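Trainee: Input file: input.cif. Contents: mmCIF, C-alpha atoms.
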```cif
data_upload
#
loop_
_atom_site.label_atom_id
_atom_site.label_comp_id
_atom_site.auth_asym_id
_atom_site.auth_seq_id
_atom_site.Cartn_x
_atom_site.Cartn_y
_atom_site.Cartn_z
CA MET A 1 -26.17 10.04 13.13
CA GLU A 2 -23.63 11.33 15.66
CA ARG A 3 -20.93 13.66 14.47
CA VAL A 4 -17.98 14.64 16.62
CA ARG A 5 -14.59 16.15 15.93
CA SER A 6 -11.15 14.96 16.87
CA GLY A 7 -7.94 16.80 16.05
CA GLY A 8 -9.50 18.70 13.17
CA PHE A 9 -11.25 15.80 11.44
CA SER A 10 -14.84 14.65 11.66
CA LEU A 11 -16.02 11.28 12.87
CA ALA A 12 -19.51 10.11 11.94
CA VAL A 13 -20.87 6.81 13.20
CA ARG A 14 -24.35 5.41 12.71
CA HIS A 15 -25.45 2.83 15.24
CA GLU A 16 -26.68 0.36 12.63
CA ASN A 17 -23.97 -2.00 11.39
CA LEU A 18 -21.77 -0.55 14.10
CA ASP A 19 -18.74 -2.80 13.68
CA GLU A 20 -18.55 -2.12 9.95
CA LYS A 21 -18.98 1.63 10.43
CA ILE A 22 -16.24 1.79 13.04
CA TYR A 23 -13.93 -0.29 10.88
CA ALA A 24 -14.53 1.97 7.86
CA THR A 25 -13.96 5.09 9.96
CA LEU A 26 -10.67 3.83 11.41
CA ARG A 27 -9.50 2.64 8.03
CA LYS A 28 -10.21 6.05 6.50
CA LEU A 29 -8.40 7.90 9.30
CA ILE A 30 -5.30 5.76 8.85
CA LEU A 31 -5.31 6.02 5.05
CA GLU A 32 -5.70 9.79 5.30
CA ARG A 33 -2.69 9.89 7.64
CA GLN A 34 -4.64 11.24 10.59
CA PHE A 35 -2.61 8.61 12.41
CA GLN A 36 0.96 8.29 11.17
CA PRO A 37 2.93 5.04 10.83
CA GLY A 38 4.35 4.21 14.25
CA GLU A 39 1.78 6.37 16.07
CA ARG A 40 -0.19 4.98 19.00
CA ILE A 41 -3.96 4.84 18.50
CA PRO A 42 -5.81 6.40 21.46
CA VAL A 43 -8.50 3.75 21.94
CA ASP A 44 -10.27 5.31 24.92
CA GLN A 45 -10.30 8.77 23.35
CA LEU A 46 -11.68 7.47 20.04
CA ALA A 47 -14.32 5.39 21.80
CA ALA A 48 -15.49 8.45 23.71
CA GLU A 49 -15.56 10.63 20.59
CA MET A 50 -17.49 8.03 18.60
CA GLY A 51 -19.90 7.46 21.46
CA VAL A 52 -19.25 3.72 21.57
CA SER A 53 -17.70 1.26 24.00
CA ARG A 54 -14.18 -0.08 23.61
CA THR A 55 -15.45 -3.48 22.47
CA PRO A 56 -16.54 -2.66 18.88
CA LEU A 57 -13.54 -0.38 18.49
CA LEU A 58 -11.15 -3.17 19.51
CA THR A 59 -13.00 -5.54 17.18
CA ALA A 60 -12.33 -3.18 14.28
CA LEU A 61 -8.69 -2.77 15.32
CA ARG A 62 -8.21 -6.53 15.46
CA ARG A 63 -9.54 -6.71 11.92
CA LEU A 64 -7.07 -4.03 10.84
CA GLY A 65 -4.37 -6.01 12.62
CA GLN A 66 -5.20 -9.06 10.53
CA GLU A 67 -4.85 -6.87 7.44
CA GLY A 68 -1.40 -5.77 8.54
CA VAL A 69 -2.41 -2.16 9.17
CA VAL A 70 -1.96 -1.97 12.95
CA GLN A 71 0.12 -3.83 15.52
CA VAL A 72 -0.85 -4.72 19.07
CA PHE A 73 1.85 -4.64 21.74
CA ALA A 74 1.11 -6.07 25.17
CA ARG A 75 0.97 -3.38 27.86
CA ARG A 76 1.98 -0.75 25.31
CA GLY A 77 -1.09 -0.30 23.15
CA ILE A 78 -2.07 -0.44 19.47
CA TYR A 79 0.04 1.30 16.85
CA VAL A 80 -0.25 2.02 13.15
CA ARG A 81 2.21 -0.38 11.58
CA ARG A 82 5.47 0.99 10.26
CA TYR A 83 6.71 -0.98 7.27
CA GLU A 84 10.34 -1.46 6.37
CA LYS A 85 11.59 -1.40 2.78
CA ALA A 86 12.31 -5.15 2.89
CA GLU A 87 8.62 -5.77 3.62
CA MET A 88 7.66 -3.56 0.68
CA VAL A 89 9.92 -5.61 -1.56
CA ARG A 90 7.89 -8.70 -0.68
CA LEU A 91 4.62 -6.87 -1.36
CA PHE A 92 5.81 -5.49 -4.70
CA THR A 93 6.93 -8.98 -5.71
CA VAL A 94 3.31 -10.11 -5.36
CA ARG A 95 1.98 -6.88 -6.83
CA GLU A 96 4.00 -7.43 -10.00
CA VAL A 97 2.01 -10.60 -10.68
CA LEU A 98 -1.42 -9.27 -9.67
CA ASP A 99 -1.23 -5.90 -11.45
CA SER A 100 0.10 -7.55 -14.61
CA LEU A 101 -2.80 -9.98 -14.62
CA ALA A 102 -5.26 -7.12 -14.11
CA ALA A 103 -3.82 -5.27 -17.11
CA ARG A 104 -4.20 -8.38 -19.25
CA LEU A 105 -7.79 -9.01 -18.17
CA CYS A 106 -9.03 -5.44 -18.57
CA ALA A 107 -7.58 -4.95 -22.06
CA ALA A 108 -10.81 -6.20 -23.62
CA ARG A 109 -13.02 -4.15 -21.29
CA ILE A 110 -11.62 -0.65 -21.01
CA GLY A 111 -13.13 1.95 -23.33
CA SER A 112 -11.08 4.23 -25.56
CA GLU A 113 -12.55 7.34 -23.93
CA GLU A 114 -11.41 6.21 -20.50
CA VAL A 115 -7.96 5.42 -21.88
CA ASP A 116 -7.77 8.94 -23.34
CA GLU A 117 -8.77 10.47 -19.99
CA PHE A 118 -5.95 8.66 -18.22
CA VAL A 119 -3.49 9.60 -20.96
CA ARG A 120 -4.35 13.28 -20.57
CA ALA A 121 -4.09 13.04 -16.79
CA PHE A 122 -0.65 11.40 -16.85
CA ARG A 123 0.68 13.76 -19.53
CA ARG A 124 -0.18 16.73 -17.31
CA HIS A 125 2.35 15.38 -14.82
CA ALA A 126 5.09 14.67 -17.35
CA HIS A 127 6.72 18.10 -17.07
CA THR A 128 5.23 19.32 -13.78
CA ALA A 129 7.68 20.49 -11.14
CA ALA A 130 7.89 18.03 -8.25
CA THR A 131 6.42 19.67 -5.16
CA PRO A 132 4.65 18.04 -2.20
CA ALA A 133 1.29 19.08 -3.69
CA THR A 134 2.00 17.77 -7.21
CA ILE A 135 3.45 14.50 -5.88
CA ARG A 136 0.35 14.02 -3.74
CA ARG A 137 -1.88 14.52 -6.78
CA TYR A 138 0.27 12.13 -8.78
CA VAL A 139 0.00 9.46 -6.07
CA GLU A 140 -3.79 9.85 -6.16
CA LEU A 141 -3.82 9.50 -9.96
CA ASP A 142 -1.55 6.46 -9.83
CA ARG A 143 -3.78 4.77 -7.25
CA ALA A 144 -6.93 5.59 -9.21
CA PHE A 145 -5.39 4.14 -12.38
CA HIS A 146 -4.29 0.85 -10.83
CA CYS A 147 -7.53 0.47 -8.87
CA ARG A 148 -9.57 1.11 -12.03
CA LEU A 149 -7.69 -1.56 -13.97
CA MET A 150 -8.28 -3.99 -11.12
CA GLU A 151 -11.98 -3.13 -11.17
CA LEU A 152 -12.21 -3.58 -14.94
CA ALA A 153 -10.47 -6.96 -14.67
CA ASP A 154 -13.77 -8.13 -13.16
CA ASN A 155 -12.29 -10.92 -11.07
CA ASP A 156 -13.39 -11.06 -7.44
CA GLN A 157 -10.52 -13.29 -6.32
CA LEU A 158 -7.94 -11.06 -7.95
CA ARG A 159 -9.49 -7.96 -6.42
CA ALA A 160 -9.59 -9.49 -2.94
CA ALA A 161 -5.93 -10.43 -3.16
CA MET A 162 -4.98 -6.96 -4.37
CA ASP A 163 -7.08 -5.22 -1.71
CA SER A 164 -4.93 -6.88 0.94
CA ILE A 165 -1.76 -5.68 -0.79
CA ASN A 166 -3.09 -2.17 -1.42
CA MET A 167 -4.07 -1.56 2.18
CA ARG A 168 -0.51 -2.18 3.30
CA LEU A 169 0.90 -0.10 0.45
CA PHE A 170 -1.38 2.84 1.22
CA VAL A 171 -0.37 2.78 4.89
CA TRP A 172 3.32 2.77 3.96
CA GLN A 173 3.40 5.02 0.93
CA ASP A 174 3.48 8.77 1.48
CA GLY A 175 4.99 9.71 -1.85
CA VAL A 176 6.28 7.81 -4.86
CA VAL A 177 8.83 5.03 -5.23
CA ARG A 178 10.20 6.68 -8.39
CA PRO A 179 9.62 10.19 -9.78
CA PRO A 180 6.87 10.92 -12.31
CA ALA A 181 9.52 11.64 -14.95
CA GLU A 182 10.33 7.91 -14.89
CA THR A 183 6.88 6.44 -14.39
CA VAL A 184 4.70 8.63 -16.64
CA PRO A 185 6.15 7.08 -19.83
CA GLU A 186 5.57 3.62 -18.34
CA HIS A 187 1.93 4.42 -17.63
CA LEU A 188 1.53 5.76 -21.16
CA ALA A 189 3.01 2.52 -22.57
CA ILE A 190 0.44 0.50 -20.59
CA LEU A 191 -2.35 2.75 -21.85
CA ASP A 192 -1.14 2.49 -25.43
CA ALA A 193 -1.39 -1.30 -25.24
CA LEU A 194 -4.83 -1.04 -23.65
CA ARG A 195 -6.02 1.27 -26.43
CA ARG A 196 -4.94 -1.36 -28.95
CA ARG A 197 -6.63 -4.07 -26.84
CA ASP A 198 -3.29 -5.83 -26.75
CA ALA A 199 -3.64 -8.00 -23.65
CA GLU A 200 -0.12 -9.42 -23.82
CA GLY A 201 1.39 -6.00 -24.45
CA ALA A 202 -0.51 -4.46 -21.54
CA GLU A 203 0.60 -7.28 -19.25
CA ALA A 204 4.24 -6.91 -20.32
CA ALA A 205 4.20 -3.11 -19.95
CA MET A 206 2.67 -3.37 -16.48
CA ARG A 207 5.15 -6.02 -15.41
CA LEU A 208 8.05 -3.80 -16.50
CA HIS A 209 6.52 -0.83 -14.66
CA ILE A 210 6.16 -2.67 -11.36
CA ARG A 211 9.47 -4.50 -11.79
CA ARG A 212 11.39 -1.22 -12.05
CA SER A 213 9.82 0.05 -8.82
CA LEU A 214 10.56 -3.30 -7.19
CA GLU A 215 14.22 -3.03 -8.21
CA GLN A 216 14.36 0.49 -6.74
CA LEU A 217 12.93 -0.80 -3.45
CA GLN A 218 15.42 -3.66 -3.45
CA ARG A 219 18.28 -1.18 -3.73
CA GLU A 220 16.86 0.92 -0.89
CA ALA A 221 16.26 -2.17 1.26
CA ARG A 222 19.88 -3.27 0.79
CA ALA A 223 21.04 0.21 1.76
CA GLU A 224 18.91 0.09 4.91
CA THR A 225 20.39 -3.29 5.81
CA VAL A 226 23.92 -2.00 5.41
CA GLU A 227 23.22 1.14 7.44
CA GLY A 228 21.19 -0.47 10.21
CA GLY A 229 22.32 -4.07 10.46
CA THR A 230 26.07 -4.27 10.00
CA CYS A 231 26.48 -6.51 13.06
CA ALA A 232 23.91 -9.12 12.00
CA ALA A 233 26.22 -11.04 9.67
CA PRO A 234 29.05 -11.44 12.21
CA ARG A 235 26.57 -12.73 14.81
CA ARG A 236 25.22 -15.28 12.35
CA LEU A 237 28.77 -16.26 11.45
CA ARG A 238 29.68 -16.75 15.11
CA ARG A 239 26.63 -18.94 15.64
CA SER A 240 27.51 -20.99 12.55
CA ARG A 241 31.10 -21.44 13.74
CA ALA A 242 29.87 -22.47 17.19
CA ARG A 243 27.64 -25.14 15.64
CA THR A 244 30.56 -26.35 13.53
CA ARG A 245 32.81 -26.64 16.58
CA ARG A 246 30.15 -28.56 18.49
CA GLY A 247 29.84 -30.94 15.53
CA GLU A 248 33.62 -31.41 15.38
CA ARG A 249 33.75 -32.20 19.11
CA GLY A 250 30.98 -34.73 18.65
#
```
Show this structure as structure tokens.
Mentor:
Amino acid sequence: MERVRSGGFSLAVRHENLDEKIYATLRKLILERQFQPGERIPVDQLAAEMGVSRTPLLTALRRLGQEGVVQVFARRGIYVRRYEKAEMVRLFTVREVLDSLAARLCAARIGSEEVDEFVRAFRRHAHTAATPATIRRYVELDRAFHCRLMELADNDQLRAAMDSINMRLFVWQDGVVRPPAETVPEHLAILDALRRRDAEGAEAAMRLHIRRSLEQLQREARAETVEGGTCAAPRRLRRSRARTRRGERG
């Protein structure tokens, strides 16, 4: 195995199953924020550091492009995708359905000991001061919780659909949509239903949890539209009026 370093992080690539290894390495670097949203990916530099040609690296990047993680711009290069709030609204709309279904399906499968472990973990954050370090740990706990419920749902099609959503969410999210003070009680309500093996209750509690974050994102997306796109409506109105005039002349 070759091991090289780049910017303070290690890259390790075995030559067997090369495409998959390169894909996994790139995916990990992006998820760990070694490359930030909007940052250009140095293809030639990475290829040299991994000891591979550009071809398998570009193959892996095309795969990440299909997953919505990177964007390719002609004559400009390949960049980690930067998501807008409006795009996150669309993802959370789908996530509301998928996560709720996962909660319903795993209600009969999750053990009481595992429920208790998650309860203790979330309660530790209930009254913790919000600092970059504590928020980072809370994000990790939140991801582990939702991923575990998806795993326990034991449905390959559901997991595949959610993997596609999660990859985009992980690229975008560097923090929380709402503070732990709001979301800890919601997680505890989900866990309470799971402890009682109440599939409908778990589904409803999860739907409420995701819906509240979705509504927060909708508010933020509207604010972004007002701040950054105040001229869009007049342009659309002018085009509409022009079409009307052309119709009247006809």
Trainee: Rounded to one decimal in Å, what is the spacing between CA of Cys147 (chain A) and CA of Met162 (chain A)?
Mentor: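 Computing it gives 9.1 Å between the two atoms.
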Trainee: Please, what distance in Å, to one decimal, runs between CA of Val89 (chain A) and CA of Leu214 (chain A)?
Mentor: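 Value for the CA of Val89 (chain A)-CA of Leu214 (chain A) distance: 6.1 Å.
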Trainee: Write out as a ChimeraX atom specification the residues lying within 8 Å of Val69 (chain A), counting only C-alpha atoms and excluding same-chain residues fewer than 5 positions away.
Mentor: /A:64,80-81,167-168,171
Trainee: Which of these residues is nearest to Ile190 (chain A), using all atoms listed in the file: A:Leu26, A:Ala204, A:Leu57, A:Ala129?
Mentor: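 Among the listed residues, the smallest separation from Ile190 (chain A) belongs to A:Ala204.
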Trainee: Convert the output of the PyMOL selection byres ((chain A and resi 35) around 12) on the shown file into explicit residues, formatted as a PyMOL selection string.
Mentor: chain A and resi 6-7+9+26-34+36-42+46+69-70+78-82+171-172
Trainee: Please indicate the distance in Å from CA of Ile210 (chain A) to CA of Arg120 (chain A), rounded to one decimal place.
Mentor: 21.2 Å
Trainee: Could you tell me, as a ChimeraX atom specification, exactly which residues end up selected when the PyMOL selection byres ((chain A and resi 218-225) around 9) is applied to this structure?
Mentor: /A:84-89,213-217,226-230
Trainee: Up to 10 Å from (-5.0, -6.1, 2.7) in the file's coordinates: name the residues, counting all atoms listed in the file, as a list in words.
Mentor: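 Every polymer residue passing the test: Leu64, Gly65, Gln66, Glu67, Gly68, Val69, Ala160, Ala161, Met162, Asp163, Ser164, Ile165, Asn166, Met167, Arg168, Leu169 and Phe170 of chain A.
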Trainee: Set the distance at 7 Å and use all atoms listed in the file: which residues neighbour Ser100 (chain A) once local chain neighbours fewer than 4 positions away are removed? I'd like the list as a PyMOL selection string.
Mentor: chain A and resi 96+104+203+206-207
Trainee: Would you put the residues from that selection into a file with C-alpha atoms, as a PDB file, in the frame of the given file?
Mentor:
```pdb
ATOM      1  CA  GLU A  96       4.000  -7.430 -10.000  1.00  0.00           C
ATOM      2  CA  ARG A 104      -4.200  -8.380 -19.250  1.00  0.00           C
ATOM      3  CA  GLU A 203       0.600  -7.280 -19.250  1.00  0.00           C
ATOM      4  CA  MET A 206       2.670  -3.370 -16.480  1.00  0.00           C
ATOM      5  CA  ARG A 207       5.150  -6.020 -15.410  1.00  0.00           C
TER       6      ARG A 207
END
```
Trainee: Name every residue that the PyMOL selection byres ((chain A and resi 153) around 6) selects in this structure, writing the answer as a PyMOL selection string with chains first and numbers rising.
Mentor: chain A and resi 102+105-106+150-152+154-155
Trainee: Could those residues be written to a file, using C-alpha atoms, as a PDB file, in the coordinates of the input?
Mentor:
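What follows is the written file again14.pdb:
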```pdb
ATOM      1  CA  ALA A 102      -5.260  -7.120 -14.110  1.00  0.00           C
ATOM      2  CA  LEU A 105      -7.790  -9.010 -18.170  1.00  0.00           C
ATOM      3  CA  CYS A 106      -9.030  -5.440 -18.570  1.00  0.00           C
ATOM      4  CA  MET A 150      -8.280  -3.990 -11.120  1.00  0.00           C
ATOM      5  CA  GLU A 151     -11.980  -3.130 -11.170  1.00  0.00           C
ATOM      6  CA  LEU A 152     -12.210  -3.580 -14.940  1.00  0.00           C
ATOM      7  CA  ASP A 154     -13.770  -8.130 -13.160  1.00  0.00           C
ATOM      8  CA  ASN A 155     -12.290 -10.920 -11.070  1.00  0.00           C
TER       9      ASN A 155
END
```
